[in-house]
Each structure stands twice: as structure tokens, then as C-alpha cells.
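In what follows, a structure is listed as C-alpha cells, so that the remarks can point back to it.
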Amino acid sequence: NRQILLDNRPEGEATVNNFKLVTTETPPLKDGQVLVRHHFLSLDPYMRGRMNDSKSYAASQPLGEVMIGGTVGEVVESRHPKFLTGDRVVGMGGWQEYSVVDALQPGALRKVDTTHVPLSYYLGAVGMPGVTAWYGLVKIINPKAGETMVISAATGAVGSAFGALAKARGCRVVGIAGGPEKCAYAVNELGFDACIDYKLHKDMYSLAKALKQECPNGIDGYFENVGGMVLDAVLLRMNAFGRIAVCGMIAGYDGQPLPLANPALILINRLKVEGFIVSEHMEVWPEALTELGTLVAQGKLRPRETIAQGLENAPEAFMGLLKGKNFGKQLVKLV
Ligand code: NDP
């Protein structure tokens, strides 16, 4: 079983040298345990935070242990009556080719149906990132038909699901993404009404002008994924009583400060600004996953994936994700 361990912590920017590839024997199964062969490993921005040992909402990843991560795969051996060889499952197997899962623990392993939804989607649109979009939109922004929604990192795993969910609620949906290719994809494939390339704008005033053009009635809901200049520009265009779901601040994940240019706009526009962590709201997952699975089955949510081949390429693919090189959900294919 090949595994990738966190070997040392980044100072500033993370690098591939923070990780180490090792090979180990898989231990024999005990009662209640299941051996899973991973088909795909999910790479997600939250992993960057786990690499630090500073205080964060998530526990830091211990050095010398397999990197944490979501996985989908198949059961190859089972000592649990509910899991049979060949079952397709989703879990938190980590950066390795096989995992031994204590399936007696509630929520440790979940069987999934691949009749209408490809296995890998359970790590993206019909998995944690999809539920993240659902929670921020439905529970924090609470949109009304006809309102204008904006999301940054619009073509990513979370962003693409958000677009479909907001369109299904009759909103105008405007994305913000990096580069003309991503913006064209947001409009042509994901159904966004418009998408703004933030890389064309050197300051918040220039970006705010573009937002004014695409959001003629102002912005009622904003789903924040990046922070920095993008947030400053959006704040300039928020309507009174607008809602902001603070989901991520990826522009600052390497540790640099992300100052807010004009916090008084929160007061002036009586905004609701609320952060959240999707894993603290397990109660909404079944409802959210049902809606997301239906959107995929109906062809209304067609997420894109960027797939790296082989476990050994996971660190480099992860560096790419942190720099926006991924186009849609970043995965590593292991089988
Ligand atoms: P994505 O698939 O969207 O990939 C990350 C994207 O972020 C990149 O493709 C890039 O898109 C953008 N990006 C990277 N660096 C920067 C930067 N410096 N400035 C602006 N944009 C940047 O990832 P996910 O969909 O998985 O996650 C999106 C966000 O949601 C992240 O911030 C993540 O931490 C957060 N999240 C939060 C959760 C929660 O519970 N709160 C749960 C899951 C995710 P582009 O090229 O368009 O700039």
C-alpha cells in the first residue's frame, strides 16, 4: 500500500517537499473492519490549513501520518455484514491506495449508487463540495427568485454546484473566476448568466465596475471563496440587507494577511456576514445530496474534473489547486 505522509510543515508557501511517499503492508482485518481500494482521492483547499500547526477550525495534520482526504473506491475485503466485496463506497481514506476502515463507526463509510452518478462525483458535486454550496446558499443566503447571486472561484467544485443550485431557485447568477477559458465555461456549460475574469482587473474599483455592469440591480447574495481584492469589490456592490456566506479565503491560505478595505460597508448596507464549516451541519447532508444528485441526473449540473494520474502525483496536483491550475474538481485517479 503506497501512502503519502506529511513529512514537514510549510514555511509560507506549501511545496511538494512537505510530503513523503512510503510503502507499507496492509494489516489483517479485525471484526467490523473493511478494506477499501481507492479509485479516486479528493484534493481540497482545506488540506492546506491542516498542514500548519497554528490554531484553526480544523485539527492540524500530525507529522509522519497519512495525509487526510476524502476517497471513493470499492470494498475488496469485509468483516462487516453491511459491506460486501464490490460495494462502491465513499469515506475519508486519506492519501493512500488502500484503507482499512472501522465500519462500525457511524459515518465512517457510506455506500453509494453509481447508476446515475459517476463514482468520482461523490467527491465533488454530489459530495462535500456540493453540500458546501448548498448550505451557504440555502441556509445563509436564503435567496429569493429574481435576486442576484455572486460567487468567487465560480468554476471550482463548490462554485459549479452553487451555480446550478442558484439557477434552480430562479436567481441571476454571476461568477468570478480566473481567466477567459474558465469564464466561458461558467456561462456556456454551467449556466451562469455572466462570469467576470478577476485577473483582468488590477484593483477593486475596476472589478467593482465590471460587477456593476453584470449586476445592474446590485448583489443580494455573495458566496465568498477567495477573500482579498475580490471581496472588497463585491462589498462595493452589495445591496442593503444583502447576505454573505463566508466559505473560504483561499487567497490567504499560505498565511499572508487579507485586510478588508472598507468594513464600514457592512454597517452601511446592514449586511449579514456568516462563516460556516460544512462538516458541522451533517443534518442537511441528506437533503442537499438528494437535490444535487437529481440535478446531475437531469443534466442540470455538469461538473468538470481535473484528474491527476497516480498517487505519486498528488502533491504536485495539490500545489496546482492552490494556484488555480485546476479546472473544476481536482482529483487523483488511483486505479
Ligand atoms: P476549487 O475547485 O474552487 O479550487 C480552488 C480555486 O480557487 C482555484 O481553481 C482558483 O480558481 C481559486 N484560487 C486559488 N488561489 C486563488 C487566489 N489567490 N485568489 C483567487 N482565487 C484563487 O476549490 P473548492 O471548490 O473545493 O473550494 C472552494 C472554496 O471553498 C475554498 O476556499 C475552500 O477552502 C472552501 N471550502 C470551504 C468549506 C467549508 O466548510 N467552509 C468546505 C469546502 C470548501 P480561479 O482560477 O478561478 O482563481
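Residue numbers start at 1 in each chain; chains themselves are named A, B, ... in the order of the C-alpha cells; ligands are numbered from 1 in the order shown.
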
May I have all residues of region 25-270 of chain A that DSSP, computed from the backbone, assigns to strand (DSSP E or B), given as a PyMOL selection string?
-> chain A and resi 33-42+66+71-78+88-91+96+98-102+109-111+148-152+172-177+194-197+219-224+238-246

Ligand 1: which residues are within 8 Å, counting only C-alpha atoms and all ligand atoms, as an MDAnalysis selection string?
-> chainID A and resid 43:46 124 128:129 132 152:160 176:179 182 197:198 224:228 230 246:252 275:279 321:330

Straight-line distance linking CA of Leu35 (chain A) with CA of Gly130 (chain A), stated in Å to one decimal =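 Atom-to-atom, CA of Leu35 (chain A) to CA of Gly130 (chain A), that is 26.6 Å.
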
Contacts of region 289-304 of chain A within 6 Å, only C-alpha atoms, excl. fewer than 3 positions in-chain, as a list in words | His116, Val126, Ala164, Trp285, Pro286 and Gly328 of chain A

Within 8 Å of Ala14 (chain A) using only C-alpha atoms, minus same-chain residues under 3 positions, as a PyMOL selection string | chain A and resi 9-11+18+48+254+319

Spatial neighbours of Ala208 (chain A), max dist 9 Å, only C-alpha atoms, sep filter under 5 positions, as JSON, numbers by chain = {"A": [203, 213, 230, 232, 233, 234, 235, 236, 237]}
